[in-house]
$ cat start-v7.cif   # mmCIF, C-alpha atoms
data_run
loop_
_atom_site.label_atom_id
_atom_site.label_comp_id
_atom_site.auth_asym_id
_atom_site.auth_seq_id
_atom_site.Cartn_x
_atom_site.Cartn_y
_atom_site.Cartn_z
CA MET A 1 0.00 0.00 0.00
CA ASN A 2 1.14 3.52 -0.74
CA TYR A 3 2.39 4.88 2.58
CA MET A 4 4.52 7.69 3.97
CA GLY A 5 8.13 6.55 4.17
CA SER A 6 7.37 3.36 2.24
CA LYS A 7 10.32 0.99 1.83
CA ASN A 8 8.89 -0.54 -1.33
CA ARG A 9 11.69 0.92 -3.45
CA ILE A 10 14.49 -0.48 -1.28
CA ALA A 11 12.98 -3.75 -0.04
CA LYS A 12 14.88 -5.71 -2.71
CA TYR A 13 18.16 -4.37 -1.30
CA ILE A 14 17.63 -4.61 2.43
CA LEU A 15 15.64 -7.84 2.81
CA PRO A 16 18.41 -10.14 1.55
CA ILE A 17 20.63 -8.63 4.26
CA ILE A 18 18.00 -8.85 6.99
CA LEU A 19 16.98 -12.41 6.14
CA ASP A 20 20.44 -13.75 5.26
CA GLU A 21 20.80 -16.06 8.28
CA ARG A 22 17.13 -16.66 9.04
CA ASN A 23 16.13 -20.26 9.73
CA ASP A 24 12.82 -21.84 8.67
CA ARG A 25 11.05 -21.40 12.01
CA GLN A 26 12.43 -18.01 12.96
CA TRP A 27 9.93 -15.18 13.35
CA TYR A 28 10.25 -11.99 11.34
CA VAL A 29 8.76 -9.02 13.21
CA GLU A 30 7.95 -5.47 12.15
CA PRO A 31 6.99 -3.30 15.16
CA PHE A 32 6.14 -0.41 12.78
CA CYS A 33 4.61 -2.23 9.83
CA GLY A 34 3.06 0.88 8.20
CA GLY A 35 2.27 0.09 4.57
CA CYS A 36 3.62 -3.49 4.89
CA ASN A 37 5.78 -2.95 1.83
CA THR A 38 8.63 -5.02 3.24
CA LEU A 39 6.50 -7.43 5.27
CA ASP A 40 4.62 -8.54 2.16
CA ASN A 41 7.93 -9.65 0.61
CA VAL A 42 8.72 -12.06 3.46
CA ASN A 43 7.52 -15.64 3.88
CA GLY A 44 7.14 -17.87 6.93
CA ASN A 45 6.34 -16.77 10.48
CA ARG A 46 5.58 -13.05 10.48
CA ILE A 47 4.29 -10.45 12.91
CA GLY A 48 3.13 -7.01 11.85
CA ASN A 49 2.41 -4.36 14.45
CA ASP A 50 1.40 -0.72 14.32
CA VAL A 51 0.02 1.76 16.82
CA HIS A 52 -2.65 2.99 14.39
CA THR A 53 -5.89 1.14 15.19
CA HIS A 54 -7.66 1.58 11.85
CA LEU A 55 -4.60 0.58 9.84
CA ILE A 56 -4.34 -2.73 11.72
CA SER A 57 -8.11 -3.29 11.47
CA MET A 58 -7.73 -3.04 7.70
CA TYR A 59 -4.81 -5.46 7.59
CA LYS A 60 -6.50 -7.98 9.85
CA ALA A 61 -9.58 -7.89 7.61
CA LEU A 62 -7.43 -8.35 4.50
CA SER A 63 -5.35 -11.20 5.93
CA GLU A 64 -8.06 -13.07 7.84
CA THR A 65 -11.30 -12.56 5.86
CA ASP A 66 -12.63 -12.15 2.30
CA TRP A 67 -13.11 -8.41 2.81
CA LEU A 68 -11.94 -5.88 0.23
CA PRO A 69 -12.46 -2.10 0.37
CA PRO A 70 -14.72 -0.23 -2.07
CA SER A 71 -13.16 -0.24 -5.55
CA PHE A 72 -14.04 3.41 -6.16
CA ILE A 73 -13.69 6.18 -3.59
CA HIS A 74 -15.22 9.48 -4.69
CA GLU A 75 -13.83 12.63 -3.10
CA ASP A 76 -17.22 13.28 -1.46
CA TYR A 77 -17.06 9.81 0.13
CA TYR A 78 -13.53 10.52 1.32
CA ASN A 79 -14.49 13.84 2.91
CA HIS A 80 -17.58 12.39 4.55
CA ALA A 81 -15.51 9.56 6.05
CA LYS A 82 -12.91 12.06 7.26
CA ASN A 83 -15.52 14.21 9.00
CA ASN A 84 -17.80 11.40 10.22
CA GLN A 85 -15.45 8.64 11.28
CA ASP A 86 -17.93 7.23 13.79
CA LYS A 87 -20.20 6.24 10.89
CA TYR A 88 -17.64 3.98 9.19
CA ASP A 89 -16.15 0.64 10.18
CA SER A 90 -12.53 0.67 11.27
CA ARG A 91 -11.17 -1.41 8.38
CA THR A 92 -12.69 0.94 5.77
CA LEU A 93 -11.36 3.99 7.58
CA GLY A 94 -7.89 2.45 7.52
CA TYR A 95 -8.06 2.09 3.76
CA VAL A 96 -9.66 5.44 2.93
CA GLY A 97 -7.62 7.40 5.47
CA PHE A 98 -4.27 6.18 4.17
CA ALA A 99 -4.54 4.67 0.68
CA MET A 100 -6.68 7.52 -0.69
CA SER A 101 -4.82 10.40 0.98
CA PHE A 102 -2.25 12.71 -0.55
CA GLY A 103 1.20 11.56 0.48
CA ALA A 104 -0.48 8.64 2.32
CA LYS A 105 -0.76 10.88 5.37
CA TRP A 106 -3.76 9.99 7.55
CA PHE A 107 -6.68 11.92 6.01
CA GLY A 108 -4.20 14.46 4.67
CA GLY A 109 -6.40 15.37 1.70
CA TYR A 110 -7.81 13.38 -1.21
CA ARG A 111 -5.25 12.09 -3.71
CA HIS A 112 -5.26 13.90 -7.04
CA ASP A 113 -3.26 13.16 -10.13
CA LYS A 114 -0.93 16.12 -10.69
CA LYS A 115 -2.04 16.33 -14.33
CA ASN A 116 -5.73 16.70 -13.51
CA GLN A 117 -7.85 19.33 -11.86
CA HIS A 118 -9.58 19.04 -8.51
CA GLY A 119 -12.87 17.18 -8.87
CA ASP A 120 -12.04 15.45 -12.17
CA ILE A 121 -14.07 12.22 -12.09
CA GLU A 122 -11.67 10.30 -14.34
CA ASN A 123 -8.79 11.28 -12.09
CA MET A 124 -10.74 9.94 -9.10
CA ARG A 125 -11.30 6.65 -10.91
CA ASN A 126 -7.61 6.39 -11.78
CA GLN A 127 -6.49 7.05 -8.22
CA SER A 128 -9.03 4.59 -6.82
CA ARG A 129 -8.08 1.97 -9.39
CA ARG A 130 -4.38 2.20 -8.50
CA ALA A 131 -5.05 1.98 -4.76
CA PHE A 132 -7.54 -0.90 -5.13
CA THR A 133 -5.27 -2.87 -7.47
CA ASN A 134 -2.36 -2.50 -5.06
CA ILE A 135 -4.37 -3.60 -2.03
CA LYS A 136 -5.76 -6.66 -3.89
CA LYS A 137 -2.21 -7.77 -4.72
CA GLN A 138 -1.09 -7.18 -1.17
CA LYS A 139 -4.02 -9.12 0.30
CA LYS A 140 -2.66 -12.40 -1.11
CA LEU A 141 0.82 -11.71 0.24
CA LEU A 142 -0.32 -10.95 3.79
CA LYS A 143 -2.23 -14.17 4.44
CA GLY A 144 -0.99 -15.77 7.65
CA VAL A 145 0.58 -12.65 9.15
CA GLU A 146 -0.20 -12.08 12.83
CA PHE A 147 -1.20 -8.43 13.21
CA TYR A 148 -1.20 -6.48 16.47
CA ASN A 149 -2.25 -2.98 17.43
CA LYS A 150 0.13 -2.00 20.23
CA SER A 151 2.95 0.30 21.10
CA TYR A 152 6.23 -1.31 20.09
CA LEU A 153 7.11 -1.16 23.79
CA GLU A 154 4.26 -3.58 24.59
CA LEU A 155 4.97 -6.07 21.82
CA ASN A 156 5.93 -9.58 22.91
CA LEU A 157 8.60 -10.98 20.60
CA PRO A 158 9.05 -14.71 20.02
CA GLU A 159 12.45 -15.98 21.10
CA ASN A 160 15.35 -15.19 18.77
CA SER A 161 13.27 -13.06 16.40
CA ILE A 162 14.52 -11.04 13.46
CA VAL A 163 13.21 -7.53 14.07
CA TYR A 164 13.06 -4.88 11.35
CA CYS A 165 12.20 -1.39 12.58
CA ASP A 166 11.10 1.41 10.29
CA PRO A 167 10.13 4.01 12.92
CA PRO A 168 9.10 7.63 12.39
CA TYR A 169 12.36 9.28 11.37
CA ALA A 170 13.81 12.08 13.45
CA GLY A 171 13.01 15.51 12.03
CA THR A 172 10.55 14.39 9.35
CA THR A 173 6.86 14.88 8.63
CA LYS A 174 4.68 13.02 11.15
CA TYR A 175 2.05 10.49 10.09
CA SER A 176 -0.60 12.53 11.89
CA ASN A 177 -0.66 15.80 13.79
CA LYS A 178 -0.99 13.98 17.11
CA ASP A 179 2.08 11.84 16.66
CA SER A 180 4.98 12.11 19.05
CA PHE A 181 7.91 9.73 19.10
CA ASP A 182 10.68 9.50 21.64
CA GLN A 183 13.85 8.67 19.72
CA ASP A 184 15.95 8.05 22.84
CA GLU A 185 13.37 5.64 24.24
CA PHE A 186 13.23 3.81 20.92
CA TRP A 187 16.98 3.27 20.69
CA SER A 188 17.10 2.14 24.33
CA TRP A 189 14.41 -0.44 23.49
CA CYS A 190 16.43 -1.61 20.49
CA ASP A 191 19.51 -2.05 22.69
CA GLN A 192 17.42 -4.09 25.11
CA MET A 193 16.06 -6.32 22.34
CA VAL A 194 19.63 -7.03 21.20
CA LYS A 195 20.56 -8.00 24.76
CA PHE A 196 17.57 -10.37 24.82
CA GLY A 197 19.00 -12.21 21.83
CA HIS A 198 16.98 -10.77 18.94
CA LYS A 199 18.62 -9.65 15.71
CA VAL A 200 17.54 -6.03 15.22
CA TYR A 201 17.73 -3.93 12.07
CA VAL A 202 16.70 -0.26 11.87
CA SER A 203 16.08 2.01 8.89
CA GLU A 204 17.11 5.58 9.67
CA TYR A 205 19.42 8.35 8.52
CA SER A 206 21.57 8.15 11.66
CA ALA A 207 21.96 6.00 14.77
CA PRO A 208 23.64 6.07 18.18
CA THR A 209 27.19 4.85 18.74
CA GLY A 210 27.46 1.07 18.54
CA TRP A 211 24.99 0.69 15.67
CA ASN A 212 26.69 -0.20 12.40
CA VAL A 213 25.66 0.65 8.84
CA VAL A 214 25.20 -2.54 6.79
CA TRP A 215 23.61 -0.88 3.75
CA SER A 216 23.10 2.66 2.44
CA LYS A 217 21.72 4.32 -0.67
CA GLU A 218 20.84 7.84 -1.74
CA VAL A 219 17.08 8.03 -2.32
CA THR A 220 14.45 10.70 -2.84
CA THR A 221 12.71 10.97 0.49
CA SER A 222 8.95 10.49 0.81
CA LEU A 223 8.89 11.37 4.49
CA ASP A 224 8.13 15.00 3.71
CA VAL A 225 5.30 15.18 1.18
CA PHE A 226 6.31 18.67 0.06
CA SER A 227 9.95 17.80 -0.60
CA THR A 228 11.83 16.00 -3.36
CA LYS A 229 15.22 16.25 -1.67
CA LYS A 230 17.53 13.27 -1.51
CA ASP A 231 18.84 11.68 1.65
CA VAL A 232 21.08 8.72 2.31
CA GLU A 233 18.84 5.92 3.53
CA LYS A 234 20.71 3.58 5.87
CA LEU A 235 20.15 0.20 7.46
CA PHE A 236 21.70 -0.25 10.90
CA THR A 237 22.27 -3.28 13.09
CA LYS A 238 24.13 -4.07 16.29
CA ASN A 239 26.05 -7.18 17.23
CA SER A 240 24.61 -9.30 20.02
CA ILE A 241 26.21 -8.97 23.40
CA LYS A 242 27.63 -12.35 24.40
#
$ encode --input "start-v7.cif" --output "structure tokens"
Amino acid sequence: MNYMGSKNRIAKYILPIILDERNDRQWYVEPFCGGCNTLDNVNGNRIGNDVHTHLISMYKALSETDWLPPSFIHEDYYNHAKNNQDKYDSRTLGYVGFAMSFGAKWFGGYRHDKKNQHGDIENMRNQSRRAFTNIKKQKKLLKGVEFYNKSYLELNLPENSIVYCDPPYAGTTKYSNKDSFDQDEFWSWCDQMVKFGHKVYVSEYSAPTGWNVVWSKEVTTSLDVFSTKKDVEKLFTKNSIK
């Protein structure tokens, strides 16, 4: 699914590194699964977690039931859902609020093709078609994933898990106006998970001392919807403490 900070473009580079020594029964865990654009490229035992309730409701419906979202979302429908969220089921809100929003920011404004004018019905159909096609493809790939709606701090990890973290980056656009994220607390948690025997990987631009870069690439950032600047995306890990 289209999502702020999506790792879809770099999944083919980082996953071979992350999964290099994974055994058949080992769990792969994403505490910040977001658009699931790396999770849907992994097989076997998988856990996807995110703090956003409606996002996880959507993924649970996709992975566990026959549900699919509406194939066409008119801008009027979008705005009504945005302003009357109590009248819509959680799974539909998850889809409309993210997949049909500009920059995939939670109800950040209806997606419009840059070549078309506001309110163009064909543009709405095109945007809906792209989003619906993407979510149908992803539905098949997410079957069997265990989804949770918790803070990463509350997530119980199976023993010896491989943990890939794609947290809100420091100094970038937030997923919603209410978001706050304690970077120091996050890195302390990562250190603790390493001590517990998990193999932890983190996508970020920088990391504390002791975390090593195992991959990097200059990419156009999608973490700020109004920017096309390039940053060096990095994948960090830390050796287990014996």
$ closest_residue --input "start-v7.cif" --among "A:Phe147, A:Gly35, A:Asp50, A:Glu159" --to "Ala99 in chain A" --atoms "all atoms listed in the file"
A:Gly35
$ residues_near_point --input "start-v7.cif" --point "(-15.5, 12.1, 4.1)" --cutoff "12 Å" --atoms "all atoms listed in the file" --output "MDAnalysis selection string"
chainID A and resid 73:88 92:93 96:97 100:101 107:110
$ closest_residue --input "start-v7.cif" --among "A:Ile162, A:Thr209, A:Ile135, A:Thr65" --to "Gly94 in chain A" --atoms "only C-alpha atoms"
A:Ile135
$ closest_residue --input "start-v7.cif" --among "A:Leu157, A:Leu141, A:Ala207, A:Ile17" --to "Trp187 in chain A" --atoms "all atoms listed in the file"
A:Ala207
$ resolve_selection --input "start-v7.cif" --expression "the PyMOL selection byres ((chain A and resi 214) around 8)" --output "compact mmCIF listing (two decimals) with C-alpha atoms, in the frame of the given file"
# COMPACT_ATOMS: atom_id res chain seq x y z
CA ASN A 212 26.69 -0.20 12.40
CA VAL A 213 25.66 0.65 8.84
CA TRP A 215 23.61 -0.88 3.75
CA SER A 216 23.10 2.66 2.44
CA LYS A 234 20.71 3.58 5.87
CA LEU A 235 20.15 0.20 7.46
CA PHE A 236 21.70 -0.25 10.90
CA THR A 237 22.27 -3.28 13.09
$ atom_distance --input "start-v7.cif" --atom1 "CA of Gln192 in chain A" --atom2 "CA of Tyr164 in chain A"
14.5 Å
$ resolve_selection --input "start-v7.cif" --expression "the PyMOL selection byres ((chain A and resi 42-47) around 6)" --output "list in words"
Trp27, Tyr28, Val29, Leu39, Asp40, Asn41, Gly48, Val145, Glu146 and Phe147 of chain A
$ write_last_selection --input "start-v7.cif" --atoms "C-alpha atoms" --output "PDB file, in the frame of the given file"
ATOM      1  CA  TRP A  27       9.930 -15.180  13.350  1.00  0.00           C
ATOM      2  CA  TYR A  28      10.250 -11.990  11.340  1.00  0.00           C
ATOM      3  CA  VAL A  29       8.760  -9.020  13.210  1.00  0.00           C
ATOM      4  CA  LEU A  39       6.500  -7.430   5.270  1.00  0.00           C
ATOM      5  CA  ASP A  40       4.620  -8.540   2.160  1.00  0.00           C
ATOM      6  CA  ASN A  41       7.930  -9.650   0.610  1.00  0.00           C
ATOM      7  CA  GLY A  48       3.130  -7.010  11.850  1.00  0.00           C
ATOM      8  CA  VAL A 145       0.580 -12.650   9.150  1.00  0.00           C
ATOM      9  CA  GLU A 146      -0.200 -12.080  12.830  1.00  0.00           C
ATOM     10  CA  PHE A 147      -1.200  -8.430  13.210  1.00  0.00           C
TER      11      PHE A 147
END
$ closest_residue --input "start-v7.cif" --among "A:Ala11, A:Lys139, A:Asn149, A:Phe132" --to "Glu64 in chain A" --atoms "only C-alpha atoms"
A:Lys139
$ closest_residue --input "start-v7.cif" --among "A:Asn134, A:Ser90, A:Ser240, A:Thr220" --to "Phe196 in chain A" --atoms "only C-alpha atoms"
A:Ser240
$ resolve_selection --input "start-v7.cif" --expression "the PyMOL selection byres ((chain A and resi 239) around 9)" --output "list of chain:residue names"
A:Val194, A:Lys199, A:Val200, A:Gly210, A:Trp211, A:Asn212, A:Thr237, A:Lys238, A:Ser240, A:Ile241, A:Lys242
$ residues_around --input "start-v7.cif" --residues "Phe32 in chain A" --least-positions-apart "4" --cutoff "8 Å" --atoms "only C-alpha atoms" --output "list in words"
Gly48, Asn49, Asp50, Val51, Tyr152, Cys165, Asp166 and Pro167 of chain A
$ closest_residue --input "start-v7.cif" --among "A:Asn126, A:Ser71, A:Asn37, A:Ser203" --to "Ile18 in chain A" --atoms "all atoms listed in the file"
A:Ser203
$ atom_distance --input "start-v7.cif" --atom1 "CA of Phe186 in chain A" --atom2 "CA of Phe102 in chain A"
27.9 Å
$ decode --input "start-v7.cif" --residues "range 127-160 of chain A" --atoms "N, CA and C atoms" --output "PDB file, in the first residue's frame"
ATOM      1  N   GLN A 127      -7.106   7.147  -9.540  1.00  0.00           N
ATOM      2  CA  GLN A 127      -6.494   7.048  -8.219  1.00  0.00           C
ATOM      3  C   GLN A 127      -7.077   5.866  -7.441  1.00  0.00           C
ATOM      4  N   SER A 128      -8.379   5.712  -7.502  1.00  0.00           N
ATOM      5  CA  SER A 128      -9.028   4.594  -6.818  1.00  0.00           C
ATOM      6  C   SER A 128      -8.588   3.261  -7.400  1.00  0.00           C
ATOM      7  N   ARG A 129      -8.476   3.216  -8.719  1.00  0.00           N
ATOM      8  CA  ARG A 129      -8.076   1.973  -9.387  1.00  0.00           C
ATOM      9  C   ARG A 129      -6.675   1.553  -8.962  1.00  0.00           C
ATOM     10  N   ARG A 130      -5.756   2.514  -8.911  1.00  0.00           N
ATOM     11  CA  ARG A 130      -4.383   2.198  -8.498  1.00  0.00           C
ATOM     12  C   ARG A 130      -4.354   1.668  -7.068  1.00  0.00           C
ATOM     13  N   ALA A 131      -5.050   2.375  -6.174  1.00  0.00           N
ATOM     14  CA  ALA A 131      -5.055   1.981  -4.762  1.00  0.00           C
ATOM     15  C   ALA A 131      -5.695   0.600  -4.581  1.00  0.00           C
ATOM     16  N   PHE A 132      -6.823   0.373  -5.267  1.00  0.00           N
ATOM     17  CA  PHE A 132      -7.545  -0.897  -5.132  1.00  0.00           C
ATOM     18  C   PHE A 132      -6.736  -2.052  -5.708  1.00  0.00           C
ATOM     19  N   THR A 133      -6.102  -1.841  -6.857  1.00  0.00           N
ATOM     20  CA  THR A 133      -5.266  -2.875  -7.467  1.00  0.00           C
ATOM     21  C   THR A 133      -4.114  -3.246  -6.555  1.00  0.00           C
ATOM     22  N   ASN A 134      -3.488  -2.245  -5.961  1.00  0.00           N
ATOM     23  CA  ASN A 134      -2.364  -2.498  -5.061  1.00  0.00           C
ATOM     24  C   ASN A 134      -2.783  -3.289  -3.830  1.00  0.00           C
ATOM     25  N   ILE A 135      -3.944  -2.934  -3.253  1.00  0.00           N
ATOM     26  CA  ILE A 135      -4.372  -3.601  -2.025  1.00  0.00           C
ATOM     27  C   ILE A 135      -4.823  -5.040  -2.317  1.00  0.00           C
ATOM     28  N   LYS A 136      -5.379  -5.293  -3.511  1.00  0.00           N
ATOM     29  CA  LYS A 136      -5.756  -6.662  -3.886  1.00  0.00           C
ATOM     30  C   LYS A 136      -4.522  -7.551  -4.018  1.00  0.00           C
ATOM     31  N   LYS A 137      -3.453  -7.011  -4.599  1.00  0.00           N
ATOM     32  CA  LYS A 137      -2.210  -7.772  -4.723  1.00  0.00           C
ATOM     33  C   LYS A 137      -1.619  -8.048  -3.342  1.00  0.00           C
ATOM     34  N   GLN A 138      -1.676  -7.044  -2.499  1.00  0.00           N
ATOM     35  CA  GLN A 138      -1.085  -7.182  -1.173  1.00  0.00           C
ATOM     36  C   GLN A 138      -1.865  -8.160  -0.303  1.00  0.00           C
ATOM     37  N   LYS A 139      -3.169  -8.223  -0.497  1.00  0.00           N
ATOM     38  CA  LYS A 139      -4.024  -9.118   0.295  1.00  0.00           C
ATOM     39  C   LYS A 139      -3.508 -10.549   0.247  1.00  0.00           C
ATOM     40  N   LYS A 140      -3.138 -11.026  -0.945  1.00  0.00           N
ATOM     41  CA  LYS A 140      -2.658 -12.398  -1.108  1.00  0.00           C
ATOM     42  C   LYS A 140      -1.340 -12.618  -0.374  1.00  0.00           C
ATOM     43  N   LEU A 141      -0.516 -11.589  -0.338  1.00  0.00           N
ATOM     44  CA  LEU A 141       0.821 -11.712   0.244  1.00  0.00           C
ATOM     45  C   LEU A 141       0.823 -11.638   1.770  1.00  0.00           C
ATOM     46  N   LEU A 142      -0.271 -11.137   2.347  1.00  0.00           N
ATOM     47  CA  LEU A 142      -0.324 -10.945   3.795  1.00  0.00           C
ATOM     48  C   LEU A 142      -1.059 -12.068   4.533  1.00  0.00           C
ATOM     49  N   LYS A 143      -1.530 -13.057   3.806  1.00  0.00           N
ATOM     50  CA  LYS A 143      -2.229 -14.171   4.440  1.00  0.00           C
ATOM     51  C   LYS A 143      -1.292 -14.878   5.420  1.00  0.00           C
ATOM     52  N   GLY A 144      -1.769 -15.082   6.643  1.00  0.00           N
ATOM     53  CA  GLY A 144      -0.992 -15.772   7.647  1.00  0.00           C
ATOM     54  C   GLY A 144      -0.198 -14.865   8.576  1.00  0.00           C
ATOM     55  N   VAL A 145      -0.135 -13.578   8.270  1.00  0.00           N
ATOM     56  CA  VAL A 145       0.579 -12.645   9.147  1.00  0.00           C
ATOM     57  C   VAL A 145      -0.222 -12.430  10.429  1.00  0.00           C
ATOM     58  N   GLU A 146       0.451 -12.422  11.569  1.00  0.00           N
ATOM     59  CA  GLU A 146      -0.196 -12.080  12.833  1.00  0.00           C
ATOM     60  C   GLU A 146      -0.069 -10.566  13.033  1.00  0.00           C
ATOM     61  N   PHE A 147      -1.209  -9.886  13.066  1.00  0.00           N
ATOM     62  CA  PHE A 147      -1.205  -8.434  13.206  1.00  0.00           C
ATOM     63  C   PHE A 147      -1.611  -8.023  14.619  1.00  0.00           C
ATOM     64  N   TYR A 148      -0.907  -7.016  15.151  1.00  0.00           N
ATOM     65  CA  TYR A 148      -1.195  -6.481  16.473  1.00  0.00           C
ATOM     66  C   TYR A 148      -1.256  -4.959  16.425  1.00  0.00           C
ATOM     67  N   ASN A 149      -2.085  -4.428  17.307  1.00  0.00           N
ATOM     68  CA  ASN A 149      -2.250  -2.979  17.426  1.00  0.00           C
ATOM     69  C   ASN A 149      -1.782  -2.556  18.813  1.00  0.00           C
ATOM     70  N   LYS A 150      -0.465  -2.355  18.949  1.00  0.00           N
ATOM     71  CA  LYS A 150       0.131  -2.000  20.231  1.00  0.00           C
ATOM     72  C   LYS A 150       1.248  -0.991  20.024  1.00  0.00           C
ATOM     73  N   SER A 151       1.687  -0.414  21.118  1.00  0.00           N
ATOM     74  CA  SER A 151       2.955   0.296  21.099  1.00  0.00           C
ATOM     75  C   SER A 151       4.059  -0.740  20.930  1.00  0.00           C
ATOM     76  N   TYR A 152       5.103  -0.383  20.233  1.00  0.00           N
ATOM     77  CA  TYR A 152       6.225  -1.315  20.086  1.00  0.00           C
ATOM     78  C   TYR A 152       6.781  -1.734  21.452  1.00  0.00           C
ATOM     79  N   LEU A 153       6.613  -0.877  22.446  1.00  0.00           N
ATOM     80  CA  LEU A 153       7.110  -1.162  23.791  1.00  0.00           C
ATOM     81  C   LEU A 153       6.341  -2.301  24.452  1.00  0.00           C
ATOM     82  N   GLU A 154       5.113  -2.557  24.005  1.00  0.00           N
ATOM     83  CA  GLU A 154       4.256  -3.580  24.593  1.00  0.00           C
ATOM     84  C   GLU A 154       4.254  -4.885  23.801  1.00  0.00           C
ATOM     85  N   LEU A 155       4.991  -4.913  22.715  1.00  0.00           N
ATOM     86  CA  LEU A 155       4.966  -6.067  21.820  1.00  0.00           C
ATOM     87  C   LEU A 155       5.813  -7.212  22.376  1.00  0.00           C
ATOM     88  N   ASN A 156       5.205  -8.394  22.456  1.00  0.00           N
ATOM     89  CA  ASN A 156       5.927  -9.584  22.905  1.00  0.00           C
ATOM     90  C   ASN A 156       6.568 -10.272  21.705  1.00  0.00           C
ATOM     91  N   LEU A 157       7.880 -10.392  21.726  1.00  0.00           N
ATOM     92  CA  LEU A 157       8.600 -10.977  20.603  1.00  0.00           C
ATOM     93  C   LEU A 157       8.906 -12.443  20.857  1.00  0.00           C
ATOM     94  N   PRO A 158       8.640 -13.315  19.883  1.00  0.00           N
ATOM     95  CA  PRO A 158       9.054 -14.709  20.017  1.00  0.00           C
ATOM     96  C   PRO A 158      10.573 -14.794  20.178  1.00  0.00           C
ATOM     97  N   GLU A 159      11.028 -15.819  20.839  1.00  0.00           N
ATOM     98  CA  GLU A 159      12.453 -15.980  21.104  1.00  0.00           C
ATOM     99  C   GLU A 159      13.272 -15.932  19.822  1.00  0.00           C
ATOM    100  N   ASN A 160      14.391 -15.235  19.880  1.00  0.00           N
ATOM    101  CA  ASN A 160      15.350 -15.187  18.774  1.00  0.00           C
ATOM    102  C   ASN A 160      14.722 -14.682  17.478  1.00  0.00           C
TER     103      ASN A 160
END
